[in-house]
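Engineer: See protein-v2.csv below, with CSV, C-alpha atoms.
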```csv
chain,number,residue,atom,x,y,z
G,1,MET,CA,0.0,0.0,0.0
G,2,VAL,CA,1.5,3.3,-1.1
G,3,CYS,CA,-0.3,6.6,-0.5
G,4,GLY,CA,-3.5,4.6,-0.1
G,5,GLN,CA,-3.2,2.4,-3.1
G,6,PRO,CA,-2.1,-1.2,-3.7
G,7,SER,CA,1.0,-0.8,-5.9
G,8,TRP,CA,3.9,-2.6,-7.6
G,9,ARG,CA,7.4,-1.5,-6.9
G,10,LEU,CA,10.4,-1.5,-9.3
G,11,ALA,CA,13.8,-0.2,-8.5
G,12,SER,CA,17.3,0.2,-9.7
G,13,GLY,CA,20.4,1.6,-8.0
G,14,GLU,CA,19.2,5.1,-9.1
G,15,VAL,CA,15.4,5.0,-9.3
G,16,GLU,CA,12.6,3.7,-7.1
G,17,ALA,CA,9.1,3.8,-8.7
G,18,PHE,CA,5.6,2.5,-7.7
G,19,VAL,CA,2.7,1.8,-10.1
G,20,THR,CA,-0.8,1.6,-8.8
G,21,GLU,CA,-3.0,-1.4,-9.6
G,22,LYS,CA,-6.0,0.8,-10.1
G,23,GLY,CA,-5.5,3.1,-13.0
G,24,GLY,CA,-1.8,2.2,-13.6
G,25,HIS,CA,-0.6,5.6,-12.1
G,26,LEU,CA,3.2,5.9,-11.9
G,27,GLY,CA,4.2,7.5,-8.6
G,28,PRO,CA,5.7,8.3,-6.3
G,29,VAL,CA,9.1,8.1,-7.9
G,30,THR,CA,12.5,8.8,-6.3
G,31,PHE,CA,15.4,9.6,-8.5
G,32,GLU,CA,19.0,9.6,-7.2
G,33,ARG,CA,17.6,7.3,-4.5
G,34,ARG,CA,21.0,6.7,-2.8
G,35,GLY,CA,21.9,10.3,-2.8
G,36,ARG,CA,19.7,13.4,-2.9
G,37,LYS,CA,16.4,11.5,-3.3
G,38,ILE,CA,14.7,13.7,-5.9
G,39,ARG,CA,10.9,13.3,-5.9
G,40,PRO,CA,9.5,15.6,-8.5
G,41,TYR,CA,6.0,14.1,-9.0
G,42,SER,CA,2.7,15.2,-7.5
G,43,VAL,CA,0.6,12.9,-5.3
G,44,ALA,CA,-2.9,14.1,-4.5
G,45,PRO,CA,-3.2,15.0,-0.8
G,46,TRP,CA,-6.6,13.1,-0.4
G,47,GLY,CA,-5.3,9.7,-1.4
G,48,GLU,CA,-6.1,8.0,1.9
G,49,GLU,CA,-9.4,9.9,2.6
G,50,GLU,CA,-12.9,8.5,2.3
G,51,PHE,CA,-15.6,10.3,0.3
G,52,THR,CA,-19.4,10.0,0.0
G,53,PRO,CA,-20.2,9.3,-2.7
G,54,PRO,CA,-16.9,7.6,-3.6
G,55,LEU,CA,-14.6,9.5,-5.9
G,56,PRO,CA,-14.1,8.3,-9.5
G,57,PRO,CA,-11.1,5.9,-9.6
G,58,ILE,CA,-8.9,8.4,-11.4
G,59,LEU,CA,-9.3,11.0,-8.6
G,60,GLN,CA,-8.9,8.4,-5.8
G,61,VAL,CA,-5.5,7.5,-7.2
G,62,LEU,CA,-4.3,10.8,-8.8
G,63,ARG,CA,-0.5,10.9,-8.9
G,64,GLY,CA,2.7,11.0,-10.9
G,65,ASP,CA,2.0,10.0,-14.5
G,66,PHE,CA,-0.7,7.9,-16.2
G,67,PHE,CA,-1.7,6.9,-19.7
G,68,CYS,CA,-5.0,8.1,-21.1
G,69,LEU,CA,-6.9,6.3,-23.9
G,70,PRO,CA,-8.8,8.4,-24.8
G,71,PHE,CA,-7.4,11.5,-23.2
G,72,GLY,CA,-9.7,14.0,-21.6
G,73,GLY,CA,-13.2,14.4,-20.0
G,74,ASN,CA,-15.0,12.3,-22.6
G,75,ALA,CA,-18.4,13.7,-21.5
G,76,THR,CA,-19.7,13.5,-25.1
G,77,PRO,CA,-20.3,10.0,-26.5
G,78,LEU,CA,-18.8,9.2,-30.0
G,79,ARG,CA,-20.7,6.6,-32.1
G,80,GLY,CA,-22.1,5.0,-29.0
G,81,GLU,CA,-18.8,5.0,-27.0
G,82,LYS,CA,-18.9,6.6,-23.6
G,83,HIS,CA,-15.5,6.5,-21.9
G,84,PRO,CA,-14.6,7.5,-18.3
G,85,VAL,CA,-12.5,10.6,-17.7
G,86,HIS,CA,-9.1,9.9,-19.3
G,87,GLY,CA,-10.2,6.4,-20.3
G,88,GLU,CA,-10.3,3.0,-18.8
G,89,THR,CA,-6.4,3.0,-18.8
G,90,ALA,CA,-6.5,5.6,-16.1
G,91,ASN,CA,-9.3,4.1,-14.0
G,92,ALA,CA,-9.5,0.3,-14.4
G,93,ARG,CA,-7.4,-2.4,-12.6
G,94,TRP,CA,-4.3,-3.5,-14.4
G,95,ARG,CA,-3.1,-7.1,-14.5
G,96,LEU,CA,0.5,-8.1,-13.6
G,97,GLU,CA,2.2,-10.0,-16.5
G,98,SER,CA,5.7,-9.9,-15.1
G,99,LEU,CA,8.2,-8.0,-12.9
G,100,GLU,CA,11.7,-9.0,-13.9
G,101,SER,CA,15.1,-7.8,-12.9
G,102,SER,CA,18.6,-8.6,-14.3
G,103,ARG,CA,22.0,-7.1,-13.6
G,104,ASP,CA,21.4,-4.1,-15.8
G,105,ARG,CA,17.6,-3.8,-16.2
G,106,THR,CA,14.3,-4.0,-14.3
G,107,GLY,CA,11.0,-4.1,-16.1
G,108,LEU,CA,7.4,-4.1,-15.1
G,109,HIS,CA,4.8,-5.5,-17.6
G,110,LEU,CA,1.1,-4.9,-17.0
G,111,SER,CA,-1.9,-5.5,-19.3
G,112,LEU,CA,-5.4,-4.2,-19.5
G,113,ARG,CA,-8.4,-5.5,-21.6
G,114,LEU,CA,-10.5,-2.6,-22.7
G,115,LYS,CA,-14.3,-2.9,-22.8
G,116,VAL,CA,-15.8,0.3,-24.1
G,117,ARG,CA,-13.8,-0.1,-27.4
G,118,PRO,CA,-12.5,-3.7,-27.3
G,119,GLY,CA,-8.8,-4.0,-27.4
G,120,ARG,CA,-5.7,-4.4,-25.3
G,121,VAL,CA,-3.0,-2.2,-23.8
G,122,ASP,CA,0.3,-3.5,-22.6
G,123,LYS,CA,2.1,-1.2,-20.2
G,124,ARG,CA,5.9,-1.6,-19.9
G,125,ILE,CA,8.0,0.5,-17.5
G,126,SER,CA,11.7,-0.1,-17.5
G,127,LEU,CA,14.7,1.1,-15.5
G,128,ILE,CA,18.4,0.7,-16.6
G,129,GLU,CA,21.2,0.6,-14.1
G,130,GLY,CA,23.3,3.8,-14.0
G,131,GLN,CA,20.5,6.0,-15.3
G,132,ASN,CA,18.0,8.3,-13.6
G,133,VAL,CA,15.5,7.6,-16.3
G,134,LEU,CA,12.0,6.0,-16.7
G,135,TYR,CA,11.2,4.3,-20.0
G,136,CYS,CA,7.4,4.0,-20.5
G,137,GLN,CA,5.8,2.1,-23.4
G,138,HIS,CA,2.1,1.5,-24.0
G,139,LEU,CA,1.4,-0.9,-26.8
G,140,VAL,CA,-2.2,-0.5,-28.1
G,141,SER,CA,-3.5,-3.6,-30.0
G,142,GLY,CA,-6.7,-5.0,-31.4
G,143,MET,CA,-8.4,-1.6,-31.7
G,144,ARG,CA,-9.5,0.3,-34.8
G,145,GLY,CA,-10.7,3.7,-35.6
G,146,PRO,CA,-9.9,7.3,-34.5
G,147,MET,CA,-8.5,7.8,-31.0
G,148,ASN,CA,-7.0,10.6,-29.0
G,149,LEU,CA,-4.5,9.7,-26.3
G,150,GLY,CA,-1.7,10.9,-24.1
G,151,HIS,CA,0.5,10.9,-21.0
G,152,HIS,CA,-0.5,12.9,-17.9
G,153,ALA,CA,2.7,13.7,-16.0
G,154,MET,CA,2.3,16.1,-13.0
G,155,LEU,CA,5.1,17.8,-11.2
G,156,LYS,CA,4.9,19.2,-7.6
G,157,PHE,CA,7.0,22.4,-7.5
G,158,PRO,CA,8.8,23.6,-4.3
G,159,ASP,CA,6.8,26.3,-2.5
G,160,GLU,CA,9.1,29.1,-3.8
G,161,PRO,CA,7.6,31.5,-6.4
G,162,GLY,CA,9.2,31.1,-9.8
G,163,CYS,CA,11.7,28.5,-8.7
G,164,GLY,CA,11.0,26.2,-11.7
G,165,TRP,CA,12.0,27.2,-15.3
G,166,LEU,CA,9.7,25.6,-17.9
G,167,SER,CA,10.7,25.2,-21.6
G,168,THR,CA,9.9,23.0,-24.5
G,169,SER,CA,11.3,22.2,-27.9
G,170,ARG,CA,9.9,24.4,-30.7
G,171,PHE,CA,6.1,24.7,-30.9
G,172,VAL,CA,4.3,26.0,-33.9
G,173,TYR,CA,1.1,27.1,-32.2
G,174,GLY,CA,0.0,27.9,-28.7
G,175,GLN,CA,-3.5,28.6,-27.4
G,176,VAL,CA,-5.3,29.0,-24.1
G,177,LEU,CA,-8.4,26.7,-23.7
G,178,PRO,CA,-11.1,28.4,-25.8
G,179,GLN,CA,-13.8,28.0,-23.1
G,180,LEU,CA,-13.9,28.7,-19.4
G,181,PHE,CA,-11.7,26.2,-17.6
G,182,GLU,CA,-13.2,26.9,-14.2
G,183,SER,CA,-16.4,28.6,-13.0
G,184,ALA,CA,-16.5,30.9,-9.9
G,185,GLU,CA,-20.1,29.8,-9.3
G,186,GLN,CA,-18.8,26.2,-8.8
G,187,GLY,CA,-15.8,27.3,-6.7
G,188,GLY,CA,-13.1,27.4,-9.4
G,189,TYR,CA,-11.1,30.2,-10.8
G,190,SER,CA,-9.0,30.8,-13.9
G,191,CYS,CA,-7.0,33.9,-15.0
G,192,LEU,CA,-5.9,33.4,-18.6
G,193,LYS,CA,-7.9,34.8,-21.5
G,194,PRO,CA,-10.0,32.0,-23.0
G,195,GLY,CA,-8.9,31.2,-26.6
G,196,ALA,CA,-5.9,33.5,-26.6
G,197,GLU,CA,-3.2,32.6,-29.0
G,198,PHE,CA,0.5,33.0,-28.2
G,199,ASP,CA,4.0,32.1,-29.6
G,200,SER,CA,6.0,32.3,-26.4
G,201,LEU,CA,5.4,30.9,-22.9
G,202,GLU,CA,6.8,34.1,-21.5
G,203,SER,CA,3.9,36.2,-22.8
G,204,VAL,CA,0.4,34.8,-22.6
G,205,PRO,CA,-2.7,37.0,-22.5
G,206,MET,CA,-4.7,37.1,-19.2
G,207,ALA,CA,-8.4,37.9,-18.9
G,208,ASN,CA,-7.6,41.2,-17.2
G,209,GLY,CA,-5.6,42.5,-20.1
G,210,GLU,CA,-2.2,41.8,-18.6
G,211,ARG,CA,0.2,39.1,-19.7
G,212,ALA,CA,1.5,36.0,-17.8
G,213,ASP,CA,4.9,34.4,-17.9
G,214,LEU,CA,4.1,30.7,-18.0
G,215,SER,CA,7.8,29.8,-18.1
G,216,ARG,CA,8.3,30.5,-14.4
G,217,TYR,CA,6.3,28.6,-11.8
G,218,PRO,CA,4.9,28.5,-9.1
G,219,ALA,CA,2.9,31.6,-9.9
G,220,ARG,CA,-0.7,33.0,-10.0
G,221,ARG,CA,-1.8,31.2,-6.8
G,222,GLY,CA,-5.6,30.9,-6.6
G,223,TYR,CA,-6.1,29.9,-10.2
G,224,GLU,CA,-6.4,26.9,-12.5
G,225,ASP,CA,-5.6,27.3,-16.2
G,226,LEU,CA,-5.1,25.1,-19.3
G,227,VAL,CA,-3.1,25.8,-22.4
G,228,MET,CA,-2.0,23.7,-25.4
G,229,LEU,CA,1.2,23.8,-27.5
G,230,VAL,CA,1.4,22.1,-30.9
G,231,SER,CA,4.8,20.5,-31.3
G,232,ASP,CA,7.0,20.8,-34.4
G,233,ASP,CA,6.6,17.4,-36.0
G,234,THR,CA,9.5,17.9,-38.4
G,235,ARG,CA,11.9,17.2,-35.5
G,236,PRO,CA,12.9,13.6,-34.8
G,237,LEU,CA,12.5,14.2,-31.0
G,238,ALA,CA,10.4,16.7,-29.0
G,239,TRP,CA,11.0,17.5,-25.4
G,240,THR,CA,9.6,19.3,-22.3
G,241,ALA,CA,11.9,20.3,-19.4
G,242,VAL,CA,11.7,22.0,-16.0
G,243,SER,CA,14.9,23.2,-14.4
G,244,PHE,CA,15.3,24.0,-10.7
G,245,PRO,CA,18.4,26.1,-10.4
G,246,GLN,CA,18.3,26.2,-6.6
G,247,GLN,CA,17.8,22.5,-6.3
G,248,ARG,CA,20.4,21.9,-9.0
G,249,PHE,CA,18.5,19.5,-11.2
G,250,VAL,CA,16.4,19.4,-14.3
G,251,TRP,CA,13.4,17.1,-15.1
G,252,PHE,CA,12.9,16.3,-18.7
G,253,ALA,CA,10.5,14.3,-20.9
G,254,LEU,CA,11.2,13.1,-24.5
G,255,LYS,CA,8.6,12.0,-27.1
G,256,ASP,CA,8.0,11.4,-30.8
G,257,PRO,CA,6.0,14.4,-32.0
G,258,ARG,CA,4.3,12.3,-34.7
G,259,VAL,CA,2.8,10.1,-32.1
G,260,LEU,CA,2.3,12.6,-29.3
G,261,ARG,CA,1.7,15.8,-31.2
G,262,GLU,CA,0.7,18.4,-28.6
G,263,THR,CA,1.6,19.4,-25.0
G,264,VAL,CA,-1.2,20.3,-22.6
G,265,LEU,CA,-0.1,22.4,-19.6
G,266,TRP,CA,-2.5,22.1,-16.7
G,267,ILE,CA,-1.5,24.8,-14.2
G,268,SER,CA,-3.1,23.9,-10.9
G,269,ASN,CA,-2.4,26.3,-8.0
G,270,ARG,CA,-5.2,26.3,-5.4
G,271,GLY,CA,-7.8,27.4,-7.9
G,272,ARG,CA,-10.4,24.7,-7.1
G,273,HIS,CA,-12.3,25.0,-3.8
G,274,TYR,CA,-14.8,22.1,-4.3
G,275,PRO,CA,-14.2,18.5,-3.1
G,276,PRO,CA,-11.9,16.7,-3.3
G,277,TRP,CA,-9.6,19.6,-4.2
G,278,SER,CA,-10.8,22.0,-1.5
G,279,GLY,CA,-8.0,24.5,-2.1
G,280,ARG,CA,-5.4,21.8,-1.4
G,281,HIS,CA,-3.9,21.2,-4.9
G,282,VAL,CA,-1.1,23.7,-4.8
G,283,ASN,CA,2.1,24.3,-6.9
G,284,VAL,CA,1.3,21.5,-9.4
G,285,MET,CA,1.7,21.6,-13.1
G,286,GLY,CA,0.6,18.9,-15.5
G,287,LEU,CA,3.0,18.5,-18.4
G,288,GLU,CA,0.8,16.3,-20.6
G,289,GLU,CA,2.1,14.9,-23.9
G,290,VAL,CA,-0.9,14.1,-26.1
G,291,THR,CA,-2.5,13.9,-29.4
G,292,SER,CA,-5.8,15.5,-28.5
G,293,TYR,CA,-8.0,18.6,-28.7
G,294,PHE,CA,-7.1,20.0,-25.3
G,295,HIS,CA,-8.6,17.9,-22.5
G,296,LEU,CA,-12.1,17.8,-23.9
G,297,GLY,CA,-12.3,14.2,-25.0
G,298,LEU,CA,-12.6,11.7,-27.8
G,299,ALA,CA,-15.6,13.2,-29.7
G,300,GLU,CA,-14.2,16.7,-29.7
G,301,SER,CA,-10.8,15.5,-30.8
G,302,VAL,CA,-12.1,13.3,-33.6
G,303,ARG,CA,-14.5,15.8,-35.1
G,304,ARG,CA,-13.3,18.9,-36.9
G,305,ASN,CA,-12.1,21.5,-34.4
G,306,PRO,CA,-10.2,24.8,-34.6
G,307,ILE,CA,-6.8,23.0,-34.1
G,308,SER,CA,-7.4,20.2,-36.6
G,309,ALA,CA,-8.8,22.9,-39.0
G,310,ARG,CA,-5.4,24.5,-39.0
G,311,GLY,CA,-3.8,21.3,-40.2
G,312,PHE,CA,-2.7,20.0,-36.8
G,313,PRO,CA,-4.0,16.4,-36.1
G,314,THR,CA,-5.8,15.9,-32.8
G,315,CYS,CA,-6.4,12.2,-33.1
G,316,LEU,CA,-4.7,9.1,-34.4
G,317,ARG,CA,-6.2,6.3,-36.5
G,318,LEU,CA,-5.8,2.9,-34.9
G,319,ASP,CA,-5.4,-0.3,-37.0
G,320,ALA,CA,-6.4,-3.6,-35.3
G,321,ARG,CA,-3.7,-5.4,-37.4
G,322,ARG,CA,-0.9,-3.0,-36.5
G,323,PRO,CA,-0.3,-2.3,-32.8
G,324,LEU,CA,0.6,1.3,-31.9
G,325,ALA,CA,3.7,1.8,-29.6
G,326,VAL,CA,3.5,5.0,-27.6
G,327,ASN,CA,7.1,5.5,-26.2
G,328,TYR,CA,7.9,8.1,-23.7
G,329,ILE,CA,11.0,8.9,-21.6
G,330,MET,CA,11.1,10.9,-18.3
G,331,GLY,CA,14.2,11.5,-16.2
G,332,VAL,CA,16.3,13.9,-14.2
G,333,ALA,CA,19.9,15.3,-14.5
G,334,GLY,CA,22.0,17.3,-12.2
G,335,ILE,CA,22.8,20.8,-13.4
G,336,PRO,CA,25.8,23.1,-12.7
G,337,ALA,CA,25.5,26.5,-11.0
G,338,GLY,CA,24.2,29.2,-13.3
G,339,PHE,CA,22.1,26.7,-15.3
G,340,GLU,CA,18.6,28.2,-15.7
G,341,ARG,CA,16.2,27.6,-18.6
G,342,VAL,CA,16.8,24.7,-21.0
G,343,VAL,CA,17.0,26.0,-24.6
G,344,SER,CA,18.0,22.8,-26.3
G,345,ILE,CA,18.3,19.0,-25.8
G,346,GLN,CA,20.5,17.2,-28.2
G,347,ALA,CA,21.5,13.5,-28.7
G,348,LEU,CA,25.0,12.7,-27.8
G,349,PRO,CA,27.1,10.7,-30.3
G,350,GLY,CA,26.1,7.1,-30.3
G,351,GLN,CA,22.6,7.8,-29.1
G,352,ASN,CA,23.4,6.8,-25.5
G,353,GLY,CA,22.7,10.1,-23.9
G,354,ILE,CA,21.5,13.7,-24.2
G,355,ALA,CA,23.1,17.1,-23.7
G,356,LEU,CA,21.0,19.8,-22.2
G,357,HIS,CA,22.0,23.4,-22.9
G,358,SER,CA,20.9,26.5,-21.0
G,359,ALA,CA,20.4,30.0,-22.3
G,360,LYS,CA,23.6,31.2,-20.6
G,361,GLY,CA,25.7,28.4,-22.2
G,362,ARG,CA,25.7,26.0,-19.3
G,363,ARG,CA,25.6,22.3,-20.1
G,364,ALA,CA,24.4,19.1,-18.4
G,365,GLU,CA,24.3,15.5,-19.6
G,366,ALA,CA,22.2,12.5,-18.9
G,367,ARG,CA,22.6,8.9,-19.9
G,368,VAL,CA,19.6,7.9,-21.9
G,369,ALA,CA,19.0,4.9,-24.3
G,370,LEU,CA,17.5,6.9,-27.2
G,371,GLU,CA,17.0,3.8,-29.3
G,372,PHE,CA,14.0,3.1,-27.0
G,373,MET,CA,12.0,5.7,-29.0
G,374,ARG,CA,12.2,3.6,-32.1
G,375,GLN,CA,11.2,0.3,-30.4
G,376,SER,CA,7.9,-1.4,-31.2
G,377,GLN,CA,8.4,-3.5,-28.0
G,378,TYR,CA,10.8,-2.8,-25.2
```
Let me see whether you can do it: turn the structure in this file into structure tokens.

Structural biologist:
Amino acid sequence: MVCGQPSWRLASGEVEAFVTEKGGHLGPVTFERRGRKIRPYSVAPWGEEEFTPPLPPILQVLRGDFFCLPFGGNATPLRGEKHPVHGETANARWRLESLESSRDRTGLHLSLRLKVRPGRVDKRISLIEGQNVLYCQHLVSGMRGPMNLGHHAMLKFPDEPGCGWLSTSRFVYGQVLPQLFESAEQGGYSCLKPGAEFDSLESVPMANGERADLSRYPARRGYEDLVMLVSDDTRPLAWTAVSFPQQRFVWFALKDPRVLRETVLWISNRGRHYPPWSGRHVNVMGLEEVTSYFHLGLAESVRRNPISARGFPTCLRLDARRPLAVNYIMGVAGIPAGFERVVSIQALPGQNGIALHSAKGRRAEARVALEFMRQSQY
């Protein structure tokens, strides 16, 4: 039992991670477990509380990172399909297939049979000795038709305004959620201008006419907001990073922008005052790598929408005869003094690591097996 949930544990010399049976949520995770013990992921503060009526499974478990198929609220049925919030993959009980460890690798293999749209998802999470990295693969098989999907990583920032520096690889379009994200009548508050377009995280329109710098966080306490960035799919690898100069580490995530085409930023800083949130979800940011139309769900992502109308796909087409591998890497690296915002992440020669560069010319490296991104099964 970890934070109120039955969980599987996998560990290497550098990383300890737990995965919940219900929903397959990855967390908590400890990097540099024999040293500084870096724990960057959020775990909801109500995990061991009882509610009447009971919370949906996804909210009971909410932590770390989880896989969404389909991604989003899914309030609107599509062709008779009615999925739970963020899909069965984030709510149902996963089955253990194997937990194996060798001298240089540890791997957890879980599976889930889907009912709303019949099919199977195999979840594989791997650790490699000597690396502060999580390798996550979801293999979607036996399903056909259009589908939106994604990862839902959530970081818990230190309670120090602006201590985290957020950056991403080049994005070609940025927009605030076109509708109200929260309603004051229901006890929720947002501050960004609905539908506002932007080309820099450092200057995003607010509802009051001012502009917000989303690249520094925590900020804007008392508000919940949602924005989406469309990744540049001409790049072989896209990334999201948050550096913590005072804590001297950077968290990073790597993806294939032709599989996970957008990044949704869920900025959650005590803006919800209704249960179970009750003003307790503070200094959290979701860094969610998706192919989706914001968080609205399957129907909204499959049907023509303002993002797809611009030529940016918001869903994938599944083929029952060809499994889809969604590969995703998350990790941390130490950074030198003076390292602030990440401006580039590049593969090292031999594809066995990455170099992270800051705006002031500082550099950090991390051992990463980049060939993972091209694997159909890992």

Engineer: Identify which of the residues G:Asn283, G:Ser215, G:Ser376, G:Thr314 lies closest to Asp159 (chain G), counting all atoms listed in the file when measuring atom-to-atom distances.

Structural biologist: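 Closest to Asp159 (chain G), using all atoms listed in the file: G:Asn283.
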
Engineer: Select, counting only C-alpha atoms, all protein, DNA and RNA residues no farther than 12 Å from (-0.7, 36.2, -20.9) in file coordinates, and express the selection as a PyMOL selection string.

Structural biologist: chain G and resi 174-176+191-215+220+225+227

Engineer: Taking all atoms listed in the file into account, which of G:Leu296, G:Ala320, G:Ile307, G:Met330 comes nearest Leu127 (chain G)?

Structural biologist: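 Ranked by minimum distance to Leu127 (chain G), first place goes to G:Met330.
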
Engineer: Distance CA of Leu370 (chain G)-CA of Val15 (chain G), one decimal place?

Structural biologist: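 Here the two named atoms are 18.1 Å from each other.
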
Engineer: Check the smallest atom-to-atom distance from each of G:Gly162, G:Pro276, G:Pro57, G:Pro178 to Arg216 (chain G) using all atoms listed in the file, then report the winner.

Structural biologist: G:Gly162

Engineer: May I have the protein, DNA and RNA residues with an atom at most 10 Å from (6.5, 12.6, -30.3), counting all atoms listed in the file in the file's coordinates, returned as a PyMOL selection string?

Structural biologist: chain G and resi 231-233+235-239+254-263+289-291+326-328+373

Engineer: Could you take the residues named above and write them with C-alpha atoms, as a short mmCIF file (atom, residue, chain, number, x, y, z; two decimals), keeping the file's coordinate frame?

Structural biologist:
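So the final result, stored in selection-v1.cif, reads:
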```
data_model
loop_
_atom_site.label_atom_id
_atom_site.label_comp_id
_atom_site.auth_asym_id
_atom_site.auth_seq_id
_atom_site.Cartn_x
_atom_site.Cartn_y
_atom_site.Cartn_z
CA SER G 231 4.80 20.50 -31.30
CA ASP G 232 7.00 20.80 -34.40
CA ASP G 233 6.60 17.40 -36.00
CA ARG G 235 11.90 17.20 -35.50
CA PRO G 236 12.90 13.60 -34.80
CA LEU G 237 12.50 14.20 -31.00
CA ALA G 238 10.40 16.70 -29.00
CA TRP G 239 11.00 17.50 -25.40
CA LEU G 254 11.20 13.10 -24.50
CA LYS G 255 8.60 12.00 -27.10
CA ASP G 256 8.00 11.40 -30.80
CA PRO G 257 6.00 14.40 -32.00
CA ARG G 258 4.30 12.30 -34.70
CA VAL G 259 2.80 10.10 -32.10
CA LEU G 260 2.30 12.60 -29.30
CA ARG G 261 1.70 15.80 -31.20
CA GLU G 262 0.70 18.40 -28.60
CA THR G 263 1.60 19.40 -25.00
CA GLU G 289 2.10 14.90 -23.90
CA VAL G 290 -0.90 14.10 -26.10
CA THR G 291 -2.50 13.90 -29.40
CA VAL G 326 3.50 5.00 -27.60
CA ASN G 327 7.10 5.50 -26.20
CA TYR G 328 7.90 8.10 -23.70
CA MET G 373 12.00 5.70 -29.00
#
```

Engineer: For region 78-82 of chain G, please output as a list in words all residues within 8 Å (counting only C-alpha atoms; exclusion window: fewer than 6 positions along the same chain).

Structural biologist: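 Listing them by chain and then by number gives Val116, Arg117, Leu298 and Ala299 of chain G.
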
Engineer: Using all atoms listed in the file, find each residue in region 88-190 of chain G having at least one atom no more than 9 Å away from region 58-69 of chain G; report its shortest atom-to-atom pair and that distance in Å (one decimal), rows by chain then rising number, as a Markdown table.

Structural biologist:
```
| residue | atom | partner | partner_atom | distance |
| --- | --- | --- | --- | --- |
| G:Glu88 | CA | G:Leu69 | CA | 7.0 |
| G:Thr89 | CA | G:Cys68 | CA | 5.8 |
| G:Ala90 | CA | G:Cys68 | CA | 5.8 |
| G:Asn91 | CA | G:Ile58 | CA | 5.0 |
| G:Ala92 | CA | G:Ile58 | CA | 8.7 |
| G:Lys123 | CA | G:Phe67 | CA | 9.0 |
| G:His138 | CA | G:Phe67 | CA | 7.9 |
| G:Met147 | CA | G:Leu69 | CA | 7.4 |
| G:Asn148 | CA | G:Leu69 | CA | 6.7 |
| G:Leu149 | CA | G:Leu69 | CA | 4.8 |
| G:Gly150 | CA | G:Cys68 | CA | 5.3 |
| G:His151 | CA | G:Phe67 | CA | 4.7 |
| G:His152 | CA | G:Asp65 | CA | 5.1 |
| G:Ala153 | CA | G:Asp65 | CA | 4.1 |
| G:Met154 | CA | G:Gly64 | CA | 5.5 |
| G:Leu155 | CA | G:Gly64 | CA | 7.2 |
```

Engineer: Mind giving me the straight-line distance from CA of His86 (chain G) to CA of Ser292 (chain G) in Å, one decimal?

Structural biologist: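 It comes out at 11.3 Å.
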
Engineer: Mind checking which residues fall within 7 Å of region 2-7 of chain G, counting all atoms listed in the file, ignoring those fewer than 5 positions away in the same chain, and posting them as number ranges by chain?

Structural biologist: G: 18-21, 47-48, 61

Engineer: What's the 9 Å shell around Gly142 (chain G), counting only C-alpha atoms, without same-chain residues fewer than 3 positions away, as an NGL selection string?

Structural biologist: :G and (118-121 or 318-323)

Engineer: Under the rule that all atoms listed in the file are counted, which of G:Val332, G:Ala11, G:Ile125, G:Ala241 is the nearest residue to Leu139 (chain G)?

Structural biologist: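 That would be G:Ile125, the residue with the smallest distance to Leu139 (chain G).
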
Engineer: Figure out the distance between CA of Leu99 (chain G) and CA of Gly87 (chain G), please, to one decimal in Å.

Structural biologist: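 Computing the Euclidean distance for CA of Gly87 (chain G) and CA of Leu99 (chain G) yields 24.5 Å.
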
Engineer: Using all atoms listed in the file, which residue out of G:Phe312, G:Tyr274, G:Gln246, G:Lys156 lies closest to Ser183 (chain G)?

Structural biologist: G:Tyr274

Engineer: Would you pick out the contacts of Pro28 (chain G) at 8 Å or less, using all atoms listed in the file, so that residues sharing its chain but fewer than 2 positions from it are not included, and give the list as a list in words?

Structural biologist: Ala17, Phe18, Leu26, Thr30, Arg39, Tyr41, Ser42, Val43, Arg63 and Gly64 of chain G

Engineer: Considering all atoms listed in the file, can you say which of G:Val133, G:Leu348, G:Leu226, G:Ala325 comes closest to Glu32 (chain G)?

Structural biologist: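 Ranked by minimum distance to Glu32 (chain G), first place goes to G:Val133.
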
Engineer: Which residues are near Glu340 (chain G)? Cut-off 9 Å, all atoms listed in the file, ignore same chain within fewer than 2 positions. Put them as number ranges by chain.

Structural biologist: G: 164-165, 243-245, 335, 337-338, 342, 358-360, 362

Engineer: Write out N, CA, C and O atoms for region 197-201 of chain G, as an mmCIF file, keeping the file's coordinate frame.

Structural biologist:
```
data_model
loop_
_atom_site.group_PDB
_atom_site.id
_atom_site.type_symbol
_atom_site.label_atom_id
_atom_site.label_comp_id
_atom_site.auth_asym_id
_atom_site.auth_seq_id
_atom_site.Cartn_x
_atom_site.Cartn_y
_atom_site.Cartn_z
ATOM 1 N N GLU G 197 -4.273 33.248 -28.317
ATOM 2 C CA GLU G 197 -3.200 32.600 -29.000
ATOM 3 C C GLU G 197 -1.846 33.247 -28.572
ATOM 4 O O GLU G 197 -1.810 34.429 -28.216
ATOM 5 N N PHE G 198 -0.773 32.472 -28.609
ATOM 6 C CA PHE G 198 0.500 33.000 -28.200
ATOM 7 C C PHE G 198 1.630 32.213 -28.895
ATOM 8 O O PHE G 198 1.431 31.076 -29.325
ATOM 9 N N ASP G 199 2.816 32.822 -29.002
ATOM 10 C CA ASP G 199 4.000 32.100 -29.600
ATOM 11 C C ASP G 199 5.141 32.035 -28.650
ATOM 12 O O ASP G 199 6.218 31.594 -29.036
ATOM 13 N N SER G 200 4.929 32.450 -27.401
ATOM 14 C CA SER G 200 6.000 32.300 -26.400
ATOM 15 C C SER G 200 5.325 32.081 -25.027
ATOM 16 O O SER G 200 4.336 32.740 -24.673
ATOM 17 N N LEU G 201 5.880 31.148 -24.271
ATOM 18 C CA LEU G 201 5.400 30.900 -22.900
ATOM 19 C C LEU G 201 5.593 32.081 -22.001
ATOM 20 O O LEU G 201 4.941 32.205 -20.967
#
```
